[in-house]
Number of protein chains: 2
Amino acid sequence: MPAEAASDFIKKLDELVYVRRRLKAGNSLYHSGDRFQALYAVKTGFIKTESLHDDGRVQITGFYMAGEIFGFDGIATEEHMSTSVALEDSEICIIPLDRVKNFSREFSQVQNHFFKLMSREIVRDHTIMMLLGSMQGEERIAAFMLNLSQRFYARGYSPFNIVLRMKREEIGSYLGMKVETVSRIFTKFQDQKLLSVHQKNIRILDVEGLRKRIGQHPSK
Amino acid sequence: MPAEAASDFIKKLDELVYVRRRLKAGNSLYHSGDRFQALYAVKTGFIKTESLHDDGRVQITGFYMAGEIFGFDGIATEEHMSTSVALEDSEICIIPLDRVKNFSREFSQVQNHFFKLMSREIVRDHTIMMLLGSMQGEERIAAFMLNLSQRFYARGYSPFNIVLRMKREEIGSYLGMKVETVSRIFTKFQDQKLLSVHQKNIRILDVEGLRKRIGQHPSK
DNA sequence: GACTTAATTTGATACAGGTCAAAAATTAAT
DNA sequence: ATTAATTTTTGACCTGTATCAAATTAAGTC
């Protein structure tokens, strides 16, 4: 691709995320049932998305940090199937889907890019399905912490000192277990010198140990 | 949209799925790690997709029947993260992604359509995440059977007489439980006159009863 | 049809994680 | 600061599912 065209593409991407919005902790961008209008990219902050079942149960389906895009669930029916909530004061870029579509006509890479983003979301969901369907508690927490570590690292933060933005109950909702269980496993991992836990500040002491925790349960 | 343009669009869609392929029961279209080349639409038959974890555990991430499209997981990295296997002799339409991209330039609806398809997959995955994360065995089986029923109905088959194409173990893998548990729940539902079970032939006797089963467990 | 092999069901037992209750630690509000 | 409210941790107990084992049934194979 000629450098010139490439920089045009970058400019377009910038245009795409032109509109920003600040979101206070606890506030929502959209609720389940809202008409779909745009996708959202996290500029700074931390977002959770949750689906709620008729009977009141909620399942957190994703945590999103800087650079990650969410809201794809709304495209199918033009109505969001989930609610997004800021876990801390956040800055969000709004990406109207219509604009994506228009730009795609001119720049095929834009379309490409969004296909890949959606595919990545699907892969991510499959990973969680695997985690929920065939791992047990300790493995889930280990996998979760390693995943966070990696994402922090990719953003230039320390992969070892992690400040959790969500509470224990939310970790539980995401990983399919109760608060008490999450808490117990953190305590256990602390005793085993895998983690050092101080409220929301987690220090990963033994990456290799955590890795070995995954896939190390008797089943099969 | 003018009728003429609409029919052009339909023609394009037909072109898109021009290449077909027969697949014997047990055979795969692609394996985890294979280079991504195309999406696949089920014309006839029944397909499962499964992700495999390093330690050998497998998680079935989807069952696909006539009219449904799979393979989206390969777009992100241009490498499939799952394996697809035919559960019965099937006929599959091959949809090269490049062709989708080209057609999208001419017909914006094609692009639209695929965005929606991927979004639908994401919504579907979130539903399963909710099921795995916050429902228990009986609820999962009830939800699973109702989902199958609805999909059969949408294809013009009876929503009450269902012929399962997968074995109990595969249902278990999909729903995050062991074969024995699946079997026990089928037996229990049969005793309670919710289902009538004869090998893979399931008759749904009480739709309302199954519905009430979901979201009716003590938690919260 | 007889023989193998695979799939499903059933039973007995064990254990991970849920539930209930209460204490301890944090955070927010006055 | 003091009080109130929320979140996290810990303990005791219980339950849903996994596990292990074996019987039963179905589906291939020769």
# chains A, B, ... in the order shown; residues from 1 in each chain; ligands from 1

call {"tool": "closest_atom_pairs", "arguments": {"of": "chain C", "to": "chain A", "cutoff": "12 Å", "atoms": "only C-alpha atoms (C1' of nucleotides)", "output": "Markdown table"}}
result
| residue | atom | partner | partner_atom | distance |
| --- | --- | --- | --- | --- |
| C:DA16 | C1' | A:Gln136 | CA | 8.3 |
| C:DG17 | C1' | A:Thr181 | CA | 6.9 |
| C:DG18 | C1' | A:Lys178 | CA | 7.5 |
| C:DT19 | C1' | A:Lys178 | CA | 10.0 |
| C:DC20 | C1' | A:Glu180 | CA | 11.6 |
| C:DA25 | C1' | A:Gln199 | CA | 9.4 |
| C:DT26 | C1' | A:Gln199 | CA | 8.6 |
| C:DT27 | C1' | A:Gln199 | CA | 11.8 |

call {"tool": "write_last_selection", "arguments": {"atoms": "N, CA, C and O atoms (P, O5', C5', C4', C3', O3' and C1' of nucleotides)", "output": "tab-separated table (two decimals), in the first residue's frame"}}
result
chain	number	residue	atom	x	y	z
C	16	DA	P	-12.71	-30.21	45.54
C	16	DA	O5'	-13.22	-29.08	44.54
C	16	DA	C5'	-13.76	-29.47	43.28
C	16	DA	C4'	-14.85	-28.51	42.86
C	16	DA	C3'	-14.52	-27.04	43.10
C	16	DA	O3'	-15.01	-26.31	41.98
C	16	DA	C1'	-16.45	-27.64	44.36
C	17	DG	P	-14.77	-24.75	41.86
C	17	DG	O5'	-16.14	-24.18	42.41
C	17	DG	C5'	-17.35	-24.58	41.78
C	17	DG	C4'	-18.53	-24.20	42.63
C	17	DG	C3'	-18.57	-22.72	43.03
C	17	DG	O3'	-19.90	-22.29	42.83
C	17	DG	C1'	-18.86	-24.06	44.92
C	18	DG	P	-20.35	-20.78	42.83
C	18	DG	O5'	-21.75	-20.91	43.59
C	18	DG	C5'	-22.72	-21.80	43.06
C	18	DG	C4'	-23.76	-22.11	44.13
C	18	DG	C3'	-24.39	-20.86	44.76
C	18	DG	O3'	-25.81	-21.01	44.79
C	18	DG	C1'	-23.39	-22.22	46.46
C	19	DT	P	-26.68	-19.78	45.19
C	19	DT	O5'	-26.86	-19.97	46.77
C	19	DT	C5'	-27.43	-21.17	47.26
C	19	DT	C4'	-27.49	-21.11	48.78
C	19	DT	C3'	-27.99	-19.77	49.35
C	19	DT	O3'	-29.07	-20.04	50.22
C	19	DT	C1'	-25.99	-20.48	50.42
C	20	DC	P	-30.01	-18.83	50.75
C	20	DC	O5'	-29.49	-18.66	52.25
C	20	DC	C5'	-29.37	-19.81	53.08
C	20	DC	C4'	-28.65	-19.44	54.35
C	20	DC	C3'	-29.02	-18.07	54.92
C	20	DC	O3'	-29.28	-18.22	56.31
C	20	DC	C1'	-26.68	-18.28	54.76
C	25	DA	P	-9.97	-6.13	60.07
C	25	DA	O5'	-10.25	-5.32	58.72
C	25	DA	C5'	-10.21	-6.04	57.49
C	25	DA	C4'	-10.78	-5.18	56.41
C	25	DA	C3'	-10.17	-3.77	56.34
C	25	DA	O3'	-9.71	-3.58	55.02
C	25	DA	C1'	-12.53	-3.67	56.25
C	26	DT	P	-8.69	-2.41	54.67
C	26	DT	O5'	-9.52	-1.51	53.64
C	26	DT	C5'	-10.88	-1.52	53.74
C	26	DT	C4'	-11.59	-1.09	52.49
C	26	DT	C3'	-11.30	0.36	52.10
C	26	DT	O3'	-11.46	0.51	50.70
C	26	DT	C1'	-13.50	0.17	52.96
C	27	DT	P	-11.18	1.93	50.01
C	27	DT	O5'	-12.63	2.59	50.02
C	27	DT	C5'	-13.68	1.95	49.32
C	27	DT	C4'	-14.95	2.75	49.47
C	27	DT	C3'	-14.79	4.24	49.16
C	27	DT	O3'	-15.81	4.59	48.24
C	27	DT	C1'	-15.87	3.93	51.24

call {"tool": "residues_around", "arguments": {"residues": "B:Ser108", "least_positions_apart": "5", "cutoff": "10 Å", "atoms": "only C-alpha atoms (C1' of nucleotides)", "output": "ChimeraX atom specification"}}
result
/A:101-102,104-105 /B:9,103,113

call {"tool": "write_last_selection", "arguments": {"atoms": "N, CA and C atoms", "output": "PDB file, in the first residue's frame"}}
result
ATOM      1  N   LYS A 101     -19.954   2.772   7.491  1.00  0.00           N
ATOM      2  CA  LYS A 101     -20.422   2.224   6.214  1.00  0.00           C
ATOM      3  C   LYS A 101     -20.024   3.128   5.054  1.00  0.00           C
ATOM      4  N   ASN A 102     -20.211   4.427   5.232  1.00  0.00           N
ATOM      5  CA  ASN A 102     -19.847   5.363   4.168  1.00  0.00           C
ATOM      6  C   ASN A 102     -18.355   5.330   3.869  1.00  0.00           C
ATOM      7  N   SER A 104     -16.392   3.010   4.387  1.00  0.00           N
ATOM      8  CA  SER A 104     -15.995   1.711   3.848  1.00  0.00           C
ATOM      9  C   SER A 104     -16.055   1.718   2.326  1.00  0.00           C
ATOM     10  N   ARG A 105     -16.963   2.505   1.803  1.00  0.00           N
ATOM     11  CA  ARG A 105     -17.106   2.541   0.355  1.00  0.00           C
ATOM     12  C   ARG A 105     -15.835   3.110  -0.275  1.00  0.00           C
TER      13      ARG A 105
ATOM     14  N   PHE B   9     -29.663  -7.226  -5.950  1.00  0.00           N
ATOM     15  CA  PHE B   9     -29.042  -7.593  -4.674  1.00  0.00           C
ATOM     16  C   PHE B   9     -29.184  -9.082  -4.399  1.00  0.00           C
ATOM     17  N   PHE B 103     -18.144  -7.392  -3.383  1.00  0.00           N
ATOM     18  CA  PHE B 103     -19.559  -7.114  -3.615  1.00  0.00           C
ATOM     19  C   PHE B 103     -20.037  -5.956  -2.757  1.00  0.00           C
ATOM     20  N   HIS B 113     -25.497  -6.617   5.537  1.00  0.00           N
ATOM     21  CA  HIS B 113     -25.950  -7.959   5.848  1.00  0.00           C
ATOM     22  C   HIS B 113     -24.910  -8.714   6.673  1.00  0.00           C
TER      23      HIS B 113
END

call {"tool": "select_by_dssp", "arguments": {"residues": "stretch 15-193 of chain B", "states": "alpha helix (DSSP H)", "output": "ChimeraX atom specification"}}
result
/B:15-16,97-106,108-134,137-154,168-175,179-191

call {"tool": "closest_atom_pairs", "arguments": {"of": "chain D", "to": "chain A", "cutoff": "12 Å", "atoms": "only C-alpha atoms (C1' of nucleotides)", "output": "CSV"}}
result
residue,atom,partner,partner_atom,distance
D:DT6,C1',A:Lys167,CA,11.1
D:DT7,C1',A:Lys167,CA,7.9
D:DT8,C1',A:Ser183,CA,7.2
D:DT9,C1',A:Ser183,CA,6.8
D:DT10,C1',A:Arg184,CA,8.6
D:DG11,C1',A:Glu180,CA,11.3
D:DA18,C1',A:Ser219,CA,8.8
D:DT19,C1',A:Ser219,CA,8.9

call {"tool": "write_last_selection", "arguments": {"atoms": "all heavy atoms", "output": "compact mmCIF listing (two decimals), in the first residue's frame"}}
result
# COMPACT_ATOMS: atom_id res chain seq x y z
P DT D 6 -26.01 1.04 50.68
OP1 DT D 6 -26.68 1.54 49.46
OP2 DT D 6 -26.64 0.04 51.56
O5' DT D 6 -24.58 0.50 50.23
C5' DT D 6 -23.62 1.42 49.68
C4' DT D 6 -22.28 0.73 49.60
O4' DT D 6 -21.80 0.45 50.93
C3' DT D 6 -22.32 -0.62 48.87
O3' DT D 6 -21.36 -0.53 47.82
C2' DT D 6 -21.92 -1.64 49.93
C1' DT D 6 -21.11 -0.78 50.89
N1 DT D 6 -21.02 -1.25 52.30
C2 DT D 6 -19.78 -1.50 52.82
O2 DT D 6 -18.75 -1.37 52.18
N3 DT D 6 -19.77 -1.92 54.13
C4 DT D 6 -20.88 -2.10 54.95
O4 DT D 6 -20.74 -2.47 56.11
C5 DT D 6 -22.15 -1.81 54.34
C7 DT D 6 -23.40 -1.96 55.14
C6 DT D 6 -22.17 -1.41 53.06
P DT D 7 -21.23 -1.62 46.70
OP1 DT D 7 -20.87 -0.92 45.45
OP2 DT D 7 -22.39 -2.53 46.77
O5' DT D 7 -19.95 -2.44 47.17
C5' DT D 7 -18.73 -1.74 47.40
C4' DT D 7 -17.77 -2.66 48.12
O4' DT D 7 -18.22 -2.88 49.47
C3' DT D 7 -17.62 -4.05 47.49
O3' DT D 7 -16.26 -4.17 47.10
C2' DT D 7 -18.03 -5.02 48.60
C1' DT D 7 -17.81 -4.18 49.85
N1 DT D 7 -18.60 -4.55 51.06
C2 DT D 7 -17.93 -4.85 52.22
O2 DT D 7 -16.71 -4.85 52.31
N3 DT D 7 -18.73 -5.15 53.29
C4 DT D 7 -20.11 -5.17 53.32
O4 DT D 7 -20.72 -5.44 54.34
C5 DT D 7 -20.76 -4.85 52.07
C7 DT D 7 -22.25 -4.84 51.99
C6 DT D 7 -19.98 -4.56 51.01
P DT D 8 -15.68 -5.51 46.46
OP1 DT D 8 -14.51 -5.13 45.64
OP2 DT D 8 -16.78 -6.31 45.90
O5' DT D 8 -15.13 -6.26 47.75
C5' DT D 8 -14.07 -5.67 48.49
C4' DT D 8 -13.74 -6.56 49.65
O4' DT D 8 -14.86 -6.63 50.54
C3' DT D 8 -13.40 -8.01 49.27
O3' DT D 8 -12.09 -8.26 49.72
C2' DT D 8 -14.46 -8.85 49.99
C1' DT D 8 -14.89 -7.92 51.11
N1 DT D 8 -16.27 -8.11 51.63
C2 DT D 8 -16.44 -8.38 52.98
O2 DT D 8 -15.52 -8.48 53.76
N3 DT D 8 -17.74 -8.51 53.38
C4 DT D 8 -18.87 -8.41 52.57
O4 DT D 8 -20.00 -8.56 53.04
C5 DT D 8 -18.63 -8.14 51.18
C7 DT D 8 -19.77 -8.01 50.23
C6 DT D 8 -17.34 -8.00 50.77
P DT D 9 -11.38 -9.66 49.46
OP1 DT D 9 -9.93 -9.42 49.38
OP2 DT D 9 -12.10 -10.38 48.40
O5' DT D 9 -11.68 -10.40 50.84
C5' DT D 9 -11.19 -9.82 52.04
C4' DT D 9 -11.71 -10.59 53.23
O4' DT D 9 -13.15 -10.50 53.27
C3' DT D 9 -11.39 -12.09 53.23
O3' DT D 9 -10.56 -12.33 54.36
C2' DT D 9 -12.75 -12.78 53.34
C1' DT D 9 -13.64 -11.68 53.86
N1 DT D 9 -15.08 -11.75 53.49
C2 DT D 9 -16.02 -11.87 54.49
O2 DT D 9 -15.75 -11.94 55.67
N3 DT D 9 -17.32 -11.90 54.05
C4 DT D 9 -17.75 -11.82 52.73
O4 DT D 9 -18.94 -11.85 52.46
C5 DT D 9 -16.72 -11.70 51.74
C7 DT D 9 -17.08 -11.61 50.30
C6 DT D 9 -15.44 -11.67 52.16
P DT D 10 -9.81 -13.70 54.53
OP1 DT D 10 -8.60 -13.44 55.32
OP2 DT D 10 -9.73 -14.36 53.21
O5' DT D 10 -10.83 -14.53 55.43
C5' DT D 10 -11.18 -14.02 56.72
C4' DT D 10 -12.29 -14.87 57.31
O4' DT D 10 -13.54 -14.58 56.64
C3' DT D 10 -12.09 -16.38 57.20
O3' DT D 10 -11.95 -16.90 58.51
C2' DT D 10 -13.35 -16.89 56.49
C1' DT D 10 -14.32 -15.74 56.72
N1 DT D 10 -15.40 -15.58 55.71
C2 DT D 10 -16.69 -15.45 56.17
O2 DT D 10 -17.01 -15.46 57.33
N3 DT D 10 -17.62 -15.29 55.16
C4 DT D 10 -17.38 -15.26 53.80
O4 DT D 10 -18.30 -15.11 53.00
C5 DT D 10 -16.00 -15.41 53.40
C7 DT D 10 -15.64 -15.40 51.96
C6 DT D 10 -15.09 -15.57 54.37
P DG D 11 -11.73 -18.42 58.83
OP1 DG D 11 -10.97 -18.49 60.09
OP2 DG D 11 -11.22 -19.09 57.61
O5' DG D 11 -13.22 -18.92 59.11
C5' DG D 11 -13.98 -18.33 60.15
C4' DG D 11 -15.31 -19.03 60.28
O4' DG D 11 -16.21 -18.55 59.24
C3' DG D 11 -15.25 -20.55 60.13
O3' DG D 11 -15.98 -21.14 61.20
C2' DG D 11 -15.91 -20.81 58.78
C1' DG D 11 -16.90 -19.64 58.68
N9 DG D 11 -17.29 -19.29 57.33
C8 DG D 11 -16.47 -19.07 56.25
N7 DG D 11 -17.12 -18.75 55.16
C5 DG D 11 -18.45 -18.75 55.55
C6 DG D 11 -19.62 -18.47 54.80
O6 DG D 11 -19.72 -18.16 53.62
N1 DG D 11 -20.77 -18.58 55.58
C2 DG D 11 -20.79 -18.93 56.91
N2 DG D 11 -21.98 -18.99 57.49
N3 DG D 11 -19.69 -19.18 57.62
C4 DG D 11 -18.57 -19.08 56.88
P DA D 18 -21.38 -31.41 35.80
OP1 DA D 18 -20.80 -30.45 34.84
OP2 DA D 18 -22.35 -32.42 35.37
O5' DA D 18 -20.16 -32.15 36.53
C5' DA D 18 -19.17 -31.36 37.17
C4' DA D 18 -18.17 -32.25 37.87
O4' DA D 18 -18.82 -32.94 38.96
C3' DA D 18 -17.54 -33.32 37.00
O3' DA D 18 -16.16 -33.41 37.32
C2' DA D 18 -18.31 -34.59 37.37
C1' DA D 18 -18.68 -34.35 38.81
N9 DA D 18 -19.95 -34.94 39.22
C8 DA D 18 -21.18 -34.72 38.66
N7 DA D 18 -22.16 -35.37 39.25
C5 DA D 18 -21.54 -36.08 40.26
C6 DA D 18 -22.02 -36.96 41.23
N6 DA D 18 -23.32 -37.29 41.36
N1 DA D 18 -21.14 -37.49 42.09
C2 DA D 18 -19.85 -37.16 41.97
N3 DA D 18 -19.27 -36.34 41.10
C4 DA D 18 -20.18 -35.82 40.26
P DT D 19 -15.21 -34.38 36.52
OP1 DT D 19 -13.87 -33.75 36.59
OP2 DT D 19 -15.84 -34.71 35.23
O5' DT D 19 -15.18 -35.72 37.38
C5' DT D 19 -14.90 -35.66 38.77
C4' DT D 19 -15.02 -37.04 39.37
O4' DT D 19 -16.42 -37.35 39.62
C3' DT D 19 -14.48 -38.18 38.49
O3' DT D 19 -13.52 -38.90 39.25
C2' DT D 19 -15.72 -39.03 38.17
C1' DT D 19 -16.64 -38.70 39.33
N1 DT D 19 -18.10 -38.81 39.08
C2 DT D 19 -18.85 -39.56 39.95
O2 DT D 19 -18.38 -40.14 40.91
N3 DT D 19 -20.20 -39.59 39.66
C4 DT D 19 -20.84 -38.97 38.61
O4 DT D 19 -22.04 -39.08 38.46
C5 DT D 19 -19.99 -38.21 37.73
C7 DT D 19 -20.59 -37.50 36.57
C6 DT D 19 -18.67 -38.17 37.99

call {"tool": "residues_around", "arguments": {"residues": "D:DT29", "least_positions_apart": "4", "cutoff": "10 Å", "atoms": "only C-alpha atoms (C1' of nucleotides)", "output": "ChimeraX atom specification"}}
result
/C:3-5

call {"tool": "write_last_selection", "arguments": {"atoms": "N, CA, C and O atoms (P, O5', C5', C4', C3', O3' and C1' of nucleotides)", "output": "short mmCIF file (atom, residue, chain, number, x, y, z; two decimals), in the first residue's frame"}}
result
data_model
loop_
_atom_site.label_atom_id
_atom_site.label_comp_id
_atom_site.auth_asym_id
_atom_site.auth_seq_id
_atom_site.Cartn_x
_atom_site.Cartn_y
_atom_site.Cartn_z
P DC C 3 -21.62 -64.91 19.00
"O5'" DC C 3 -20.96 -63.53 18.52
"C5'" DC C 3 -20.15 -63.53 17.35
"C4'" DC C 3 -19.36 -62.23 17.30
"C3'" DC C 3 -18.79 -61.81 18.66
"O3'" DC C 3 -17.49 -61.27 18.45
"C1'" DC C 3 -20.19 -60.11 17.82
P DT C 4 -16.49 -61.02 19.70
"O5'" DT C 4 -16.20 -59.46 19.55
"C5'" DT C 4 -17.15 -58.65 18.89
"C4'" DT C 4 -16.51 -57.41 18.32
"C3'" DT C 4 -15.83 -56.53 19.35
"O3'" DT C 4 -14.85 -55.70 18.70
"C1'" DT C 4 -17.94 -55.60 18.74
P DT C 5 -13.97 -54.68 19.55
"O5'" DT C 5 -14.81 -53.33 19.45
"C5'" DT C 5 -15.18 -52.81 18.17
"C4'" DT C 5 -16.09 -51.62 18.38
"C3'" DT C 5 -15.62 -50.66 19.48
"O3'" DT C 5 -15.53 -49.37 18.92
"C1'" DT C 5 -17.90 -51.19 19.77
#

call {"tool": "closest_residue", "arguments": {"among": "A:Met130, A:Val207, A:Met65, A:Ala143", "to": "chain B", "atoms": "only C-alpha atoms"}}
result
A:Met130

call {"tool": "closest_atom_pairs", "arguments": {"of": "chain B", "to": "chain A", "cutoff": "9 Å", "atoms": "only C-alpha atoms", "output": "CSV"}}
result
residue,atom,partner,partner_atom,distance
B:Ser51,CA,A:Met130,CA,7.5
B:Leu52,CA,A:Met130,CA,8.5
B:His53,CA,A:Met130,CA,8.1
B:Asp54,CA,A:Gly215,CA,7.5
B:Asp55,CA,A:Gly215,CA,5.5
B:Gly56,CA,A:Lys220,CA,8.4
B:Arg57,CA,A:Ser134,CA,7.3
B:Val58,CA,A:Met130,CA,7.7
B:Gln59,CA,A:Met130,CA,5.4
B:Ile60,CA,A:Met130,CA,8.1
B:Thr61,CA,A:His126,CA,6.4
B:Phe72,CA,A:Ser119,CA,5.8
B:Asp73,CA,A:Ser119,CA,5.3
B:Gly74,CA,A:Ser119,CA,7.2
B:Ile75,CA,A:Lys116,CA,5.7
B:Ala76,CA,A:Lys116,CA,4.4
B:Thr77,CA,A:Lys116,CA,7.7
B:Glu78,CA,A:Lys116,CA,8.9
B:Met81,CA,A:Val123,CA,7.4
B:Lys101,CA,A:Ser108,CA,7.7
B:Asn102,CA,A:Ser108,CA,8.8
B:Ser104,CA,A:Arg105,CA,7.9
B:Arg105,CA,A:Arg105,CA,5.6
B:Glu106,CA,A:Arg105,CA,8.4
B:Ser108,CA,A:Lys101,CA,7.7
B:Gln111,CA,A:Lys101,CA,7.9
B:Asn112,CA,A:Lys101,CA,8.0
B:His113,CA,A:Ala76,CA,9.0
B:Phe114,CA,A:Phe115,CA,8.7
B:Phe115,CA,A:Ile75,CA,7.1
B:Lys116,CA,A:Ala76,CA,4.4
B:Leu117,CA,A:Ala76,CA,6.7
B:Met118,CA,A:Met118,CA,6.7
B:Ser119,CA,A:Ala76,CA,5.0
B:Arg120,CA,A:Ala76,CA,5.1
B:Glu121,CA,A:Ile122,CA,7.3
B:Ile122,CA,A:Ile122,CA,5.8
B:Val123,CA,A:Asp73,CA,5.5
B:Asp125,CA,A:Asp125,CA,6.3
B:His126,CA,A:Thr61,CA,6.4
B:Thr127,CA,A:Ser51,CA,8.2
B:Ile128,CA,A:Met129,CA,7.3
B:Met129,CA,A:Met129,CA,5.8
B:Met130,CA,A:Gln59,CA,5.4
B:Leu131,CA,A:Gln59,CA,8.8
B:Leu132,CA,A:Leu132,CA,5.9
B:Gly133,CA,A:Gly176,CA,3.9
B:Ser134,CA,A:Gly176,CA,6.1
B:Ser173,CA,A:Gly133,CA,7.2
B:Tyr174,CA,A:Gly133,CA,7.3
B:Leu175,CA,A:Gly133,CA,6.6
B:Gly176,CA,A:Gly133,CA,3.9
B:Met177,CA,A:Gly133,CA,7.3
B:Ile214,CA,A:Asp55,CA,8.6
B:Gly215,CA,A:Asp55,CA,5.5
B:Gln216,CA,A:Asp55,CA,7.9
B:Ser219,CA,A:Arg57,CA,8.6
B:Lys220,CA,A:Arg57,CA,7.7

call {"tool": "atom_distance", "arguments": {"atom1": "atom CA of A:Ala25", "atom2": "atom CA of A:Val85"}}
result
7.7 Å

call {"tool": "atom_distance", "arguments": {"atom1": "atom CA of B:Leu164", "atom2": "atom CA of B:Asn201"}}
result
6.3 Å

call {"tool": "residues_around", "arguments": {"residues": "D:DC20", "least_positions_apart": "4", "cutoff": "12 Å", "atoms": "only C-alpha atoms (C1' of nucleotides)", "output": "PyMOL selection string"}}
result
(chain B and resi 180) or (chain C and resi 11-14)

call {"tool": "write_last_selection", "arguments": {"atoms": "C-alpha atoms (C1' of nucleotides)", "output": "mmCIF file, in the first residue's frame"}}
result
data_model
loop_
_atom_site.group_PDB
_atom_site.id
_atom_site.type_symbol
_atom_site.label_atom_id
_atom_site.label_comp_id
_atom_site.auth_asym_id
_atom_site.auth_seq_id
_atom_site.Cartn_x
_atom_site.Cartn_y
_atom_site.Cartn_z
ATOM 1 C CA GLU B 180 -24.251 -38.152 32.949
ATOM 2 C "C1'" DG C 11 -26.416 -45.894 40.971
ATOM 3 C "C1'" DA C 12 -23.244 -44.668 44.788
ATOM 4 C "C1'" DT C 13 -20.138 -41.412 46.466
ATOM 5 C "C1'" DA C 14 -17.258 -37.183 46.698
#

call {"tool": "residues_around", "arguments": {"residues": "stretch 19-24 of chain A", "least_positions_apart": "6", "cutoff": "7 Å", "atoms": "only C-alpha atoms (C1' of nucleotides)", "output": "PyMOL selection string"}}
result
chain A and resi 86+88-94

call {"tool": "atom_distance", "arguments": {"atom1": "atom CA of B:Glu79", "atom2": "atom CA of B:Phe36"}}
result
4.7 Å
